[in-house]
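Structure file model_27.cif; described as mmCIF, C-alpha atoms and all ligand atoms.
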```
data_upload
loop_
_atom_site.label_atom_id
_atom_site.label_comp_id
_atom_site.auth_asym_id
_atom_site.auth_seq_id
_atom_site.Cartn_x
_atom_site.Cartn_y
_atom_site.Cartn_z
CA MET L 896 25.88 56.08 103.40
CA SER L 897 23.35 58.77 104.39
CA SER L 898 22.23 61.79 102.36
CA LYS L 899 24.03 65.08 102.73
CA LEU L 900 22.75 67.37 105.44
CA ASP L 901 22.47 71.06 106.20
CA ILE L 902 24.35 71.37 109.51
CA MET L 903 24.53 74.41 111.80
CA ILE L 904 27.27 74.70 114.44
CA ALA L 905 27.24 77.21 117.31
CA GLY L 906 30.80 78.29 118.22
CA ALA L 907 33.96 78.53 116.11
CA GLY L 908 36.46 77.36 118.75
CA ILE L 909 38.78 74.39 118.22
CA GLY L 910 35.82 71.99 118.51
CA GLY L 911 33.41 73.83 116.18
CA LEU L 912 36.05 74.39 113.50
CA THR L 913 37.33 70.80 113.57
CA ALA L 914 33.76 69.53 113.35
CA ALA L 915 33.05 71.87 110.42
CA ALA L 916 36.12 70.59 108.54
CA CYS L 917 35.27 66.92 109.20
CA LEU L 918 31.62 67.41 108.18
CA MET L 919 32.38 69.40 105.03
CA GLN L 920 34.97 66.84 103.99
CA ALA L 921 32.20 64.25 104.30
CA GLY L 922 30.12 66.32 101.86
CA HIS L 923 27.68 68.11 104.19
CA ARG L 924 26.81 71.78 104.00
CA VAL L 925 27.97 73.51 107.20
CA ARG L 926 27.25 76.95 108.66
CA LEU L 927 29.24 78.05 111.71
CA PHE L 928 27.89 80.81 113.97
CA GLU L 929 30.44 82.59 116.18
CA GLN L 930 29.61 85.29 118.71
CA ALA L 931 32.95 87.09 118.38
CA SER L 932 33.48 89.87 115.84
CA LYS L 933 36.68 88.25 114.56
CA LEU L 934 38.15 84.79 114.58
CA GLY L 935 41.06 84.07 116.90
CA GLU L 936 42.31 82.36 120.03
CA VAL L 937 43.93 83.46 123.27
CA GLY L 938 47.68 83.39 123.84
CA ALA L 939 48.21 80.05 125.52
CA GLY L 940 49.76 76.68 124.87
CA LEU L 941 47.99 73.46 124.09
CA GLN L 942 49.19 69.88 123.93
CA ILE L 943 47.72 67.68 121.21
CA SER L 944 48.43 63.98 121.62
CA ALA L 945 48.23 61.24 118.95
CA ASN L 946 44.50 60.60 119.43
CA GLY L 947 43.78 64.19 118.36
CA PHE L 948 46.57 64.53 115.82
CA LYS L 949 45.12 61.66 113.75
CA VAL L 950 42.14 63.93 113.03
CA MET L 951 44.43 66.84 112.17
CA ARG L 952 46.05 64.58 109.58
CA HIS L 953 42.61 63.53 108.29
CA ILE L 954 41.57 67.15 107.66
CA GLY L 955 44.95 68.03 106.13
CA VAL L 956 46.37 70.51 108.65
CA ASP L 957 49.09 68.22 110.05
CA LYS L 958 51.96 69.71 108.03
CA LYS L 959 51.03 73.24 109.00
CA LEU L 960 50.85 72.22 112.67
CA ALA L 961 54.12 70.31 112.48
CA ALA L 962 55.77 73.49 111.17
CA ALA L 963 54.22 75.62 113.92
CA GLY L 964 54.58 73.21 116.83
CA VAL L 965 57.22 71.59 118.97
CA LYS L 966 57.56 67.83 119.52
CA PRO L 967 58.70 67.35 123.12
CA LEU L 968 61.38 64.71 123.60
CA SER L 969 60.18 63.60 127.04
CA TYR L 970 57.92 64.26 129.97
CA VAL L 971 60.13 65.19 132.94
CA PHE L 972 59.14 65.49 136.61
CA ARG L 973 61.26 67.74 138.84
CA ILE L 974 61.09 68.91 142.43
CA ALA L 975 60.32 72.63 142.19
CA GLU L 976 62.61 73.83 144.97
CA THR L 977 65.77 71.85 144.20
CA GLY L 978 65.36 71.09 140.50
CA GLU L 979 65.99 67.39 141.20
CA GLU L 980 64.66 65.15 138.40
CA VAL L 981 62.54 62.38 139.91
CA ASN L 982 61.11 60.79 136.78
CA ARG L 983 61.07 60.93 132.99
CA PHE L 984 59.24 59.13 130.23
CA GLU L 985 59.80 59.39 126.50
CA LEU L 986 57.49 61.24 124.11
CA ALA L 987 58.59 62.12 120.52
CA GLU L 988 59.32 58.91 118.55
CA ALA L 989 58.18 56.66 121.40
CA HIS L 990 54.74 58.31 121.52
CA GLU L 991 54.35 58.17 117.74
CA ALA L 992 55.48 54.54 117.49
CA ALA L 993 53.09 53.44 120.24
CA ASN L 994 50.07 55.48 119.15
CA GLY L 995 50.29 56.05 115.41
CA ALA L 996 50.66 59.85 115.41
CA PRO L 997 52.89 62.47 117.03
CA TYR L 998 52.48 64.55 120.20
CA TYR L 999 52.71 68.31 119.64
CA GLN L 1000 52.89 71.42 121.79
CA LEU L 1001 51.10 74.22 119.96
CA HIS L 1002 50.16 77.84 120.42
CA ARG L 1003 46.35 77.89 120.51
CA ALA L 1004 46.30 80.71 117.97
CA ASP L 1005 48.38 78.65 115.53
CA LEU L 1006 46.05 75.66 115.81
CA HIS L 1007 42.98 77.88 115.49
CA ALA L 1008 44.41 79.71 112.44
CA ALA L 1009 45.21 76.41 110.68
CA LEU L 1010 41.64 75.22 111.29
CA VAL L 1011 40.12 78.50 110.07
CA GLU L 1012 42.20 78.32 106.91
CA ARG L 1013 41.08 74.74 106.23
CA VAL L 1014 37.40 75.53 106.89
CA ARG L 1015 37.55 78.55 104.54
CA GLN L 1016 39.24 76.42 101.88
CA LEU L 1017 36.28 74.05 102.07
CA ASP L 1018 33.73 76.90 102.05
CA SER L 1019 34.77 80.54 102.19
CA ASN L 1020 31.29 81.55 103.45
CA CYS L 1021 31.04 78.92 106.18
CA VAL L 1022 31.56 81.23 109.18
CA THR L 1023 29.15 83.97 110.30
CA LEU L 1024 30.70 86.36 112.84
CA ASN L 1025 28.86 88.60 115.33
CA ALA L 1026 26.38 85.75 115.64
CA ALA L 1027 25.63 85.03 119.30
CA VAL L 1028 23.31 82.05 119.48
CA SER L 1029 20.64 82.49 122.12
CA GLU L 1030 18.26 79.55 121.60
CA TYR L 1031 16.84 77.02 119.18
CA GLU L 1032 13.43 75.69 118.22
CA GLU L 1033 12.96 72.17 116.99
CA ARG L 1034 10.33 71.35 114.40
CA GLU L 1035 9.40 67.95 113.02
CA THR L 1036 11.91 67.82 110.18
CA ARG L 1037 14.11 70.88 110.85
CA VAL L 1038 15.70 72.82 113.66
CA ASP L 1039 15.83 76.64 113.86
CA LEU L 1040 18.71 78.55 115.37
CA ILE L 1041 17.91 81.97 116.82
CA LEU L 1042 20.57 84.63 117.35
CA SER L 1043 20.46 87.24 120.11
CA ASP L 1044 19.71 89.93 117.49
CA GLY L 1045 16.65 87.95 116.36
CA ARG L 1046 18.06 86.51 113.11
CA ARG L 1047 16.82 83.00 112.44
CA PHE L 1048 18.40 80.14 110.48
CA SER L 1049 17.13 76.67 109.73
CA GLY L 1050 18.92 73.34 109.17
CA ASP L 1051 18.69 69.56 109.52
CA VAL L 1052 20.92 69.40 112.59
CA LEU L 1053 22.33 71.82 115.19
CA ILE L 1054 25.63 71.17 117.00
CA GLY L 1055 26.34 73.15 120.18
CA ALA L 1056 30.11 73.69 120.25
CA ASP L 1057 29.76 76.90 122.24
CA GLY L 1058 32.05 76.11 125.18
CA ILE L 1059 31.66 75.81 128.95
CA LYS L 1060 28.87 78.38 129.17
CA SER L 1061 26.97 76.85 126.23
CA ALA L 1062 23.55 78.35 125.48
CA ILE L 1063 22.60 75.21 123.56
CA ARG L 1064 23.45 72.98 126.49
CA ALA L 1065 21.57 75.24 128.91
CA GLN L 1066 18.42 74.91 126.81
CA ALA L 1067 18.68 71.20 126.00
CA PHE L 1068 20.03 69.77 129.27
CA GLY L 1069 20.54 72.63 131.76
CA GLN L 1070 23.90 74.14 132.66
CA ALA L 1071 26.28 71.85 134.55
CA PRO L 1072 26.79 72.81 138.22
CA ALA L 1073 30.42 73.86 138.74
CA ASP L 1074 32.54 73.28 141.88
CA PHE L 1075 35.74 75.21 142.49
CA THR L 1076 38.66 72.74 142.53
CA GLY L 1077 40.78 74.83 144.90
CA ASP L 1078 43.34 75.45 142.12
CA VAL L 1079 44.00 78.62 140.21
CA ALA L 1080 46.10 78.37 137.03
CA TRP L 1081 48.62 81.11 136.18
CA ARG L 1082 49.15 81.24 132.41
CA LEU L 1083 52.20 82.92 130.92
CA ILE L 1084 53.88 83.04 127.54
CA ILE L 1085 57.47 84.25 127.43
CA PRO L 1086 59.57 84.95 124.31
CA ALA L 1087 62.49 82.48 124.47
CA ALA L 1088 64.81 85.23 123.18
CA ARG L 1089 64.50 86.93 126.59
CA LEU L 1090 65.97 83.85 128.31
CA PRO L 1091 69.59 82.65 128.29
CA LYS L 1092 70.24 80.43 125.23
CA ASP L 1093 68.85 76.89 125.71
CA HIS L 1094 67.62 77.88 129.16
CA ILE L 1095 65.11 75.05 129.06
CA ASP L 1096 65.35 71.66 127.37
CA ARG L 1097 62.96 70.55 124.57
CA VAL L 1098 60.92 68.56 127.05
CA MET L 1099 57.66 69.02 128.90
CA THR L 1100 58.64 69.67 132.50
CA VAL L 1101 56.26 69.19 135.39
CA TRP L 1102 57.53 71.04 138.45
CA LEU L 1103 56.32 69.57 141.74
CA GLY L 1104 56.01 72.13 144.54
CA PRO L 1105 54.28 72.40 147.89
CA SER L 1106 50.59 73.33 147.31
CA SER L 1107 51.45 73.99 143.69
CA HIS L 1108 52.76 72.49 140.49
CA ALA L 1109 53.53 73.81 137.03
CA VAL L 1110 53.95 72.66 133.47
CA MET L 1111 56.55 74.37 131.29
CA TYR L 1112 57.28 73.77 127.62
CA TYR L 1113 58.27 75.40 124.31
CA LEU L 1114 55.84 76.57 121.64
CA ARG L 1115 56.15 77.78 118.06
CA ASN L 1116 59.50 76.33 116.99
CA LYS L 1117 60.99 77.10 120.40
CA GLU L 1118 60.32 80.84 119.97
CA LEU L 1119 58.05 80.92 123.02
CA VAL L 1120 57.94 79.29 126.44
CA ASN L 1121 54.57 78.35 127.91
CA PHE L 1122 54.19 78.27 131.71
CA VAL L 1123 51.02 77.06 133.43
CA GLY L 1124 51.42 77.24 137.20
CA LEU L 1125 48.72 75.77 139.41
CA LYS L 1126 48.47 77.10 142.93
CA GLU L 1127 46.11 75.93 145.63
CA SER L 1128 43.88 78.81 146.66
CA ASP L 1129 40.87 79.50 148.89
CA THR L 1130 39.79 82.40 146.76
CA TRP L 1131 39.25 82.56 143.04
CA GLN L 1132 38.61 85.00 140.24
CA ASP L 1133 36.86 84.26 136.97
CA GLU L 1134 36.90 81.15 134.90
CA SER L 1135 38.15 83.18 131.98
CA TRP L 1136 41.03 83.35 129.52
CA THR L 1137 41.25 87.13 129.96
CA SER L 1138 41.37 87.59 133.78
CA LYS L 1139 44.74 88.91 134.89
CA GLY L 1140 46.69 88.67 138.15
CA ASP L 1141 49.53 90.74 139.65
CA TRP L 1142 53.05 89.74 138.71
CA SER L 1143 54.13 90.27 142.36
CA GLU L 1144 51.52 87.73 143.46
CA LEU L 1145 52.74 85.30 140.79
CA LYS L 1146 56.30 85.67 142.10
CA SER L 1147 55.18 85.19 145.67
CA ASP L 1148 53.18 82.03 144.77
CA PHE L 1149 56.36 80.42 143.40
CA SER L 1150 58.96 82.27 145.52
CA THR L 1151 60.70 79.15 146.85
CA TRP L 1152 61.10 77.56 143.41
CA HIS L 1153 64.31 76.81 141.55
CA ASP L 1154 66.27 79.56 139.72
CA GLU L 1155 65.40 78.03 136.33
CA VAL L 1156 61.77 78.96 136.99
CA GLN L 1157 62.58 82.36 138.55
CA VAL L 1158 64.41 83.40 135.37
CA VAL L 1159 61.30 82.54 133.34
CA LEU L 1160 58.94 84.40 135.72
CA ASP L 1161 61.24 87.44 135.70
CA ALA L 1162 61.16 87.57 131.89
CA VAL L 1163 57.37 87.71 131.46
CA ASP L 1164 55.56 90.95 130.55
CA LYS L 1165 54.30 92.07 133.94
CA ASP L 1166 50.91 93.07 132.58
CA ALA L 1167 50.39 89.74 130.81
CA CYS L 1168 50.03 87.35 133.74
CA TYR L 1169 46.68 85.57 133.34
CA ARG L 1170 44.77 83.58 135.97
CA TRP L 1171 42.09 80.98 135.35
CA ALA L 1172 40.12 79.53 138.28
CA LEU L 1173 39.57 75.81 137.67
CA PHE L 1174 36.10 74.36 138.15
CA ASN L 1175 35.01 70.76 138.11
CA ARG L 1176 31.81 69.65 136.34
CA LYS L 1177 30.48 66.13 136.43
CA PRO L 1178 30.10 64.42 133.04
CA ILE L 1179 26.64 63.79 131.60
CA ASP L 1180 25.75 60.59 129.79
CA ASN L 1181 23.63 61.99 126.97
CA TRP L 1182 24.53 64.82 124.61
CA ALA L 1183 21.84 64.39 121.96
CA LYS L 1184 18.23 65.55 121.94
CA GLY L 1185 16.31 65.22 118.70
CA ARG L 1186 18.17 67.18 116.00
CA VAL L 1187 20.50 68.86 118.50
CA ALA L 1188 23.78 67.55 119.96
CA LEU L 1189 26.69 68.97 121.95
CA LEU L 1190 30.40 68.81 121.20
CA GLY L 1191 33.61 69.80 123.04
CA ASP L 1192 33.51 71.74 126.31
CA ALA L 1193 29.76 72.29 125.85
CA SER L 1194 29.23 68.60 126.52
CA HIS L 1195 32.26 67.62 128.65
CA PRO L 1196 34.18 70.48 130.30
CA THR L 1197 37.49 68.82 131.24
CA LEU L 1198 40.08 69.97 133.77
CA PRO L 1199 43.58 70.37 132.29
CA TYR L 1200 45.33 67.75 134.52
CA LEU L 1201 45.51 65.32 131.58
CA ALA L 1202 45.75 67.98 128.81
CA GLN L 1203 42.84 66.40 126.91
CA GLY L 1204 39.90 68.88 126.80
CA ALA L 1205 40.55 70.14 123.27
CA VAL L 1206 41.67 66.69 122.15
CA MET L 1207 38.27 65.33 123.22
CA ALA L 1208 36.54 68.04 121.14
CA ILE L 1209 38.69 66.95 118.18
CA GLU L 1210 37.82 63.27 118.72
CA ASP L 1211 34.10 64.20 118.99
CA SER L 1212 34.29 65.93 115.60
CA ALA L 1213 35.60 62.90 113.72
CA VAL L 1214 33.12 60.52 115.36
CA LEU L 1215 30.20 62.90 114.73
CA ALA L 1216 30.99 63.03 111.00
CA ARG L 1217 31.25 59.25 110.85
CA CYS L 1218 27.93 58.71 112.65
CA LEU L 1219 26.12 61.13 110.29
CA ASP L 1220 27.64 59.26 107.38
CA GLU L 1221 26.75 55.83 108.70
CA VAL L 1222 23.13 56.37 109.83
CA SER L 1223 20.65 57.99 107.45
CA ASP L 1224 18.21 59.34 110.06
CA PRO L 1225 19.99 62.35 111.63
CA VAL L 1226 18.18 61.91 114.97
CA GLU L 1227 19.40 58.30 115.20
CA ALA L 1228 22.87 59.35 114.04
CA LEU L 1229 23.14 61.92 116.86
CA LYS L 1230 22.00 59.29 119.38
CA LEU L 1231 24.73 56.97 118.15
CA TYR L 1232 27.30 59.80 118.35
CA SER L 1233 26.34 60.47 121.97
CA ALA L 1234 26.41 56.76 122.84
CA VAL L 1235 29.90 56.32 121.37
CA ARG L 1236 31.39 59.51 122.77
CA ALA L 1237 29.82 60.10 126.19
CA PRO L 1238 31.43 57.11 128.01
CA ARG L 1239 34.85 57.87 126.54
CA ALA L 1240 34.67 61.57 127.45
CA ALA L 1241 33.35 60.74 130.94
CA ARG L 1242 36.38 58.55 131.58
CA VAL L 1243 38.72 61.34 130.49
CA VAL L 1244 36.84 63.97 132.55
CA ASN L 1245 36.94 61.74 135.64
CA GLU L 1246 40.60 60.77 135.22
CA SER L 1247 41.55 64.42 134.70
CA SER L 1248 39.78 65.39 137.92
CA ALA L 1249 41.37 62.46 139.81
CA ASN L 1250 44.82 63.43 138.49
CA GLN L 1251 44.62 66.70 140.42
CA LYS L 1252 45.05 64.74 143.67
CA LYS L 1253 48.39 63.31 142.50
CA PHE L 1254 49.86 66.80 142.83
CA ARG L 1255 48.67 67.34 146.39
CA GLY L 1256 50.84 66.81 149.49
CA SER L 1257 54.21 67.66 150.97
CA ILE L 1258 57.44 67.52 148.96
CA ALA L 1259 58.26 64.23 150.70
CA ASP L 1260 54.88 62.80 149.56
CA LEU L 1261 55.37 64.04 146.01
CA ARG L 1262 58.91 62.69 145.82
CA GLN L 1263 57.79 59.29 147.00
CA ARG L 1264 54.81 59.30 144.63
CA PHE L 1265 56.72 60.30 141.52
CA ILE L 1266 60.21 58.85 141.97
CA GLY L 1267 60.71 55.85 139.69
CA ALA L 1268 56.93 55.37 139.42
CA GLU L 1269 55.36 54.11 136.21
CA ILE L 1270 53.62 57.35 135.24
CA GLY L 1271 51.18 57.46 132.44
CA GLY L 1272 52.43 54.23 130.81
CA ASP L 1273 48.89 52.90 130.38
CA ARG L 1274 47.84 56.12 128.61
CA ASN L 1275 49.47 54.82 125.44
CA GLY L 1276 46.75 52.21 125.27
CA TRP L 1277 43.34 53.54 126.22
CA LEU L 1278 43.98 57.28 125.89
CA TYR L 1279 46.51 58.12 123.19
CA GLY L 1280 46.03 54.90 121.22
CA TYR L 1281 42.33 55.65 120.54
CA ASP L 1282 41.59 56.34 116.88
CA PRO L 1283 38.37 58.34 116.34
CA LEU L 1284 38.61 57.65 112.61
CA THR L 1285 38.32 53.90 112.99
CA VAL L 1286 36.81 53.24 116.42
CA LYS L 1287 33.79 50.96 116.20
CA LEU L 1288 30.56 52.96 116.18
CA SER L 1289 28.69 51.21 118.95
CA GLN L 1290 27.76 52.08 122.49
CA ALA L 1291 29.75 49.15 123.88
CA GLU L 1292 32.91 50.36 122.15
CA GLY L 1293 32.44 53.83 123.61
CA ALA L 1294 32.12 52.38 127.09
CA GLN L 1295 35.35 50.41 126.75
CA SER L 1296 37.43 53.28 125.45
C1 LIG L 1301 44.72 76.31 131.64
C2 LIG L 1301 44.19 75.34 130.61
C3 LIG L 1301 45.05 74.52 129.88
C4 LIG L 1301 44.54 73.61 128.94
N1 LIG L 1301 45.41 72.81 128.26
C5 LIG L 1301 44.93 71.89 127.37
C6 LIG L 1301 45.82 71.05 126.63
O1 LIG L 1301 47.05 71.11 126.78
N2 LIG L 1301 45.29 70.14 125.75
C7 LIG L 1301 43.93 70.04 125.55
O2 LIG L 1301 43.51 69.19 124.75
N3 LIG L 1301 43.06 70.84 126.23
C8 LIG L 1301 43.53 71.76 127.12
N4 LIG L 1301 42.66 72.58 127.78
C9 LIG L 1301 41.21 72.48 127.49
C10 LIG L 1301 40.83 73.23 126.21
O3 LIG L 1301 41.24 74.56 126.33
C11 LIG L 1301 39.32 73.17 125.96
O4 LIG L 1301 38.84 71.88 126.19
C12 LIG L 1301 38.99 73.58 124.51
O5 LIG L 1301 39.33 74.92 124.28
C13 LIG L 1301 37.50 73.37 124.21
O6 LIG L 1301 37.22 73.78 122.88
P1 LIG L 1301 35.72 74.09 122.46
O7 LIG L 1301 35.81 74.45 121.00
O8 LIG L 1301 34.82 73.01 122.88
O9 LIG L 1301 35.29 75.35 123.32
P2 LIG L 1301 35.87 76.83 123.30
O10 LIG L 1301 37.33 76.85 123.03
O11 LIG L 1301 35.38 77.48 124.55
O12 LIG L 1301 35.13 77.51 122.04
C14 LIG L 1301 33.77 77.88 122.09
C15 LIG L 1301 33.51 78.90 120.99
O13 LIG L 1301 32.12 79.20 121.00
C16 LIG L 1301 31.93 80.61 120.99
N5 LIG L 1301 30.64 80.86 121.66
C17 LIG L 1301 30.36 80.76 122.98
N6 LIG L 1301 29.06 81.04 123.20
C18 LIG L 1301 28.51 81.31 121.99
C19 LIG L 1301 27.20 81.65 121.56
N7 LIG L 1301 26.18 81.77 122.43
N8 LIG L 1301 26.98 81.85 120.23
C20 LIG L 1301 28.01 81.72 119.33
N9 LIG L 1301 29.27 81.43 119.68
C21 LIG L 1301 29.51 81.19 121.00
C22 LIG L 1301 33.13 81.15 121.72
O14 LIG L 1301 33.36 82.53 121.41
C23 LIG L 1301 34.22 80.24 121.20
O15 LIG L 1301 34.75 80.68 119.98
C24 LIG L 1301 43.13 73.51 128.73
C25 LIG L 1301 42.26 74.33 129.45
C26 LIG L 1301 42.77 75.23 130.39
C27 LIG L 1301 41.82 76.08 131.16
#
```
Kindly transcribe the structure held in the file into structure tokens.
Amino acid sequence: MSSKLDIMIAGAGIGGLTAAACLMQAGHRVRLFEQASKLGEVGAGLQISANGFKVMRHIGVDKKLAAAGVKPLSYVFRIAETGEEVNRFELAEAHEAANGAPYYQLHRADLHAALVERVRQLDSNCVTLNAAVSEYEERETRVDLILSDGRRFSGDVLIGADGIKSAIRAQAFGQAPADFTGDVAWRLIIPAARLPKDHIDRVMTVWLGPSSHAVMYYLRNKELVNFVGLKESDTWQDESWTSKGDWSELKSDFSTWHDEVQVVLDAVDKDACYRWALFNRKPIDNWAKGRVALLGDASHPTLPYLAQGAVMAIEDSAVLARCLDEVSDPVEALKLYSAVRAPRAARVVNESSANQKKFRGSIADLRQRFIGAEIGGDRNGWLYGYDPLTVKLSQAEGAQS
């Protein structure tokens, strides 16, 4: 068991907050630096599978999330134009029995709020707002964090959990080159009360369309419906949670789709149709440099085709805390963390990118590909079955996972 450290984290997103909770529970002092002037998350849905939920249980937010989330009964694949169901596999009890924890659909703001509450319970002064990190300086036995307004803080270790445009990553390893995937994601949240009663089932539906596909599911105790519609596109806007698109363009992108979807698209607030251009970044195999390490999207930006980006940040957090507990020299502990996590995250990043291709092709291709196929069965083993709280802390284990 190592001595307790003074740990600084850049970024209070899902990754930074989960890491702070795991590290404080292990007895370390943590200071979180967030650029925003207030804590919060965008209006969007998020799926958290068993491998992430185990950590939520560990830090004691599972009951809160269970109350705020929705457990989907199944994963259902339907042809977008006709509504025909071509495949289905069970989630709910089946997922929990196979993987040791439930699968939840959550509003990002609900997850973020539960994490903030837990972090503040552990230390009410943990988070510093209006604190944009611009760079760091490493000294022999300490690391200094420098904010854009010139303020300077010092600690034993610095964790860069500052997202896809991470300043810490840029300084330590260089920013990752980003290639446009050819997909733009429409993101909508619709109050279920605006839809006919029980308009959609309590399942996660993947709609398969020509040059497009969408995922639709309930959030927040079935009060909200989340729609993420991916459309192939030659042009793109920002990679941003706040970029908007025209409702008329949204309707035209999915104009041939089934009435069940049209009713949902018609019910959205017309000025709340968001678009996110999806970019691919190749994984890197080292996230640790001296007293500095990366976590979450800063180290492994992950496309949403497997719904695992935030879950990987959550897994990182638990493994990071364990490595710092197991190895007394923080530099060696961060090396171990990177060795355990980088191969696992690289596999998820690569499989997420490869998954995009499964949704390409004509309706006939998609029908043939999805009808009766064994979809995602193996994920119960290597993906959802992974337990970051018990996984062996060795490089070889990371490579296998
Ligand atoms: C359309 C879409 C759907 C998705 N669906 C899922 C899903 O279902 N399941 C899933 O697991 N993942 C999903 N993801 C991925 C998930 O959103 C990300 O992987 C996750 O948000 C990463 O969390 P993070 O904390 O690493 O980074 P972020 O959420 O980006 O948080 C970074 C934080 O750092 C702060 N920050 C940035 N720069 C600085 C700085 N210089 N100084 C201080 N603070 C800074 C930011 O303000 C922010 O608070 C999806 C992504 C997209 C685009």
List all protein, DNA and RNA residues that have an atom no more than 7 Å from any atom of ligand LIG 1301 (chain L), counting all atoms listed in the file, and report them as a PDB file with C-alpha atoms, keeping the file's coordinate frame.
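The resulting file, part-v2.pdb, is shown below:
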```pdb
ATOM      1  CA  ALA L 905      27.240  77.210 117.310  1.00  0.00           C
ATOM      2  CA  GLY L 906      30.800  78.290 118.220  1.00  0.00           C
ATOM      3  CA  ALA L 907      33.960  78.530 116.110  1.00  0.00           C
ATOM      4  CA  GLY L 908      36.460  77.360 118.750  1.00  0.00           C
ATOM      5  CA  ILE L 909      38.780  74.390 118.220  1.00  0.00           C
ATOM      6  CA  GLY L 910      35.820  71.990 118.510  1.00  0.00           C
ATOM      7  CA  GLY L 911      33.410  73.830 116.180  1.00  0.00           C
ATOM      8  CA  PHE L 928      27.890  80.810 113.970  1.00  0.00           C
ATOM      9  CA  GLU L 929      30.440  82.590 116.180  1.00  0.00           C
ATOM     10  CA  GLN L 930      29.610  85.290 118.710  1.00  0.00           C
ATOM     11  CA  ALA L 931      32.950  87.090 118.380  1.00  0.00           C
ATOM     12  CA  GLY L 940      49.760  76.680 124.870  1.00  0.00           C
ATOM     13  CA  LEU L 941      47.990  73.460 124.090  1.00  0.00           C
ATOM     14  CA  GLN L 942      49.190  69.880 123.930  1.00  0.00           C
ATOM     15  CA  ILE L 943      47.720  67.680 121.210  1.00  0.00           C
ATOM     16  CA  ALA L1026      26.380  85.750 115.640  1.00  0.00           C
ATOM     17  CA  ALA L1027      25.630  85.030 119.300  1.00  0.00           C
ATOM     18  CA  VAL L1028      23.310  82.050 119.480  1.00  0.00           C
ATOM     19  CA  SER L1029      20.640  82.490 122.120  1.00  0.00           C
ATOM     20  CA  ALA L1056      30.110  73.690 120.250  1.00  0.00           C
ATOM     21  CA  ASP L1057      29.760  76.900 122.240  1.00  0.00           C
ATOM     22  CA  GLY L1058      32.050  76.110 125.180  1.00  0.00           C
ATOM     23  CA  ILE L1059      31.660  75.810 128.950  1.00  0.00           C
ATOM     24  CA  LYS L1060      28.870  78.380 129.170  1.00  0.00           C
ATOM     25  CA  SER L1061      26.970  76.850 126.230  1.00  0.00           C
ATOM     26  CA  ALA L1062      23.550  78.350 125.480  1.00  0.00           C
ATOM     27  CA  ALA L1080      46.100  78.370 137.030  1.00  0.00           C
ATOM     28  CA  ARG L1082      49.150  81.240 132.410  1.00  0.00           C
ATOM     29  CA  VAL L1123      51.020  77.060 133.430  1.00  0.00           C
ATOM     30  CA  TRP L1171      42.090  80.980 135.350  1.00  0.00           C
ATOM     31  CA  LEU L1173      39.570  75.810 137.670  1.00  0.00           C
ATOM     32  CA  LEU L1190      30.400  68.810 121.200  1.00  0.00           C
ATOM     33  CA  GLY L1191      33.610  69.800 123.040  1.00  0.00           C
ATOM     34  CA  ASP L1192      33.510  71.740 126.310  1.00  0.00           C
ATOM     35  CA  ALA L1193      29.760  72.290 125.850  1.00  0.00           C
ATOM     36  CA  PRO L1196      34.180  70.480 130.300  1.00  0.00           C
ATOM     37  CA  THR L1197      37.490  68.820 131.240  1.00  0.00           C
ATOM     38  CA  LEU L1198      40.080  69.970 133.770  1.00  0.00           C
ATOM     39  CA  PRO L1199      43.580  70.370 132.290  1.00  0.00           C
ATOM     40  CA  ALA L1202      45.750  67.980 128.810  1.00  0.00           C
ATOM     41  CA  GLN L1203      42.840  66.400 126.910  1.00  0.00           C
ATOM     42  CA  GLY L1204      39.900  68.880 126.800  1.00  0.00           C
ATOM     43  CA  ALA L1205      40.550  70.140 123.270  1.00  0.00           C
ATOM     44  CA  VAL L1206      41.670  66.690 122.150  1.00  0.00           C
ATOM     45  CA  MET L1207      38.270  65.330 123.220  1.00  0.00           C
ATOM     46  CA  ALA L1208      36.540  68.040 121.140  1.00  0.00           C
TER      47      ALA L1208
END
```
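The shortest atom-to-atom distance to Ala963 in chain L, with only C-alpha atoms taken into account, belongs to L:Gln1000 out of L:Ser1248, L:Ser1019, L:Gln1263, L:Gln1000.
Residues in contact with His1094 in chain L at up to 12 Å, not including ones fewer than 2 positions away on its chain and judged by all atoms listed in the file, are Pro1086, Ala1087, Ala1088, Arg1089, Leu1090, Pro1091, Lys1092, Asp1096, Arg1097, Val1098, Met1111, Tyr1112, Tyr1113, Lys1117, Leu1119, Val1120, Asp1154, Glu1155, Val1156, Gln1157, Val1158, Val1159 and Ala1162 of chain L.
Picture a line from CA of Lys966 in chain L to CA of Ala945 in chain L; it runs 11.4 Å.
You can rank L:Asp1164, L:Gln1016, L:Ser1194, L:Trp1081 by their closest distance to Gly1140 in chain L using only C-alpha atoms, and at the top of that list sits L:Trp1081.
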Counting all atoms listed in the file, select every polymer residue within 12 Å of (56.9, 57.3, 142.1) as defined in the file's coordinates, and provide the selection as a ChimeraX atom specification.
/L:972-973,980-983,1253-1254,1259-1271
So how many Å separate CA of Ala916 in chain L and CA of Glu1134 in chain L, to one decimal?
28.4 Å
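Within the 9 Å cut-off around His1007 in chain L, using all atoms listed in the file and omitting residues fewer than 4 positions from it on the same chain, the listed residues are Gly908, Ile909, Leu912, Leu934, Gly935, Glu936, His1002, Arg1003, Val1011 and Glu1012 of chain L.
Atom pair CA of Arg1170 in chain L / CA of Asn1121 in chain L has a distance of 13.7 Å (rounded to one decimal).
Closest approach to Lys899 in chain L from the set L:Glu1035, L:Asp1282, L:Asp1133, L:Asp1224 is made by L:Asp1224, with distances taken over all atoms listed in the file.
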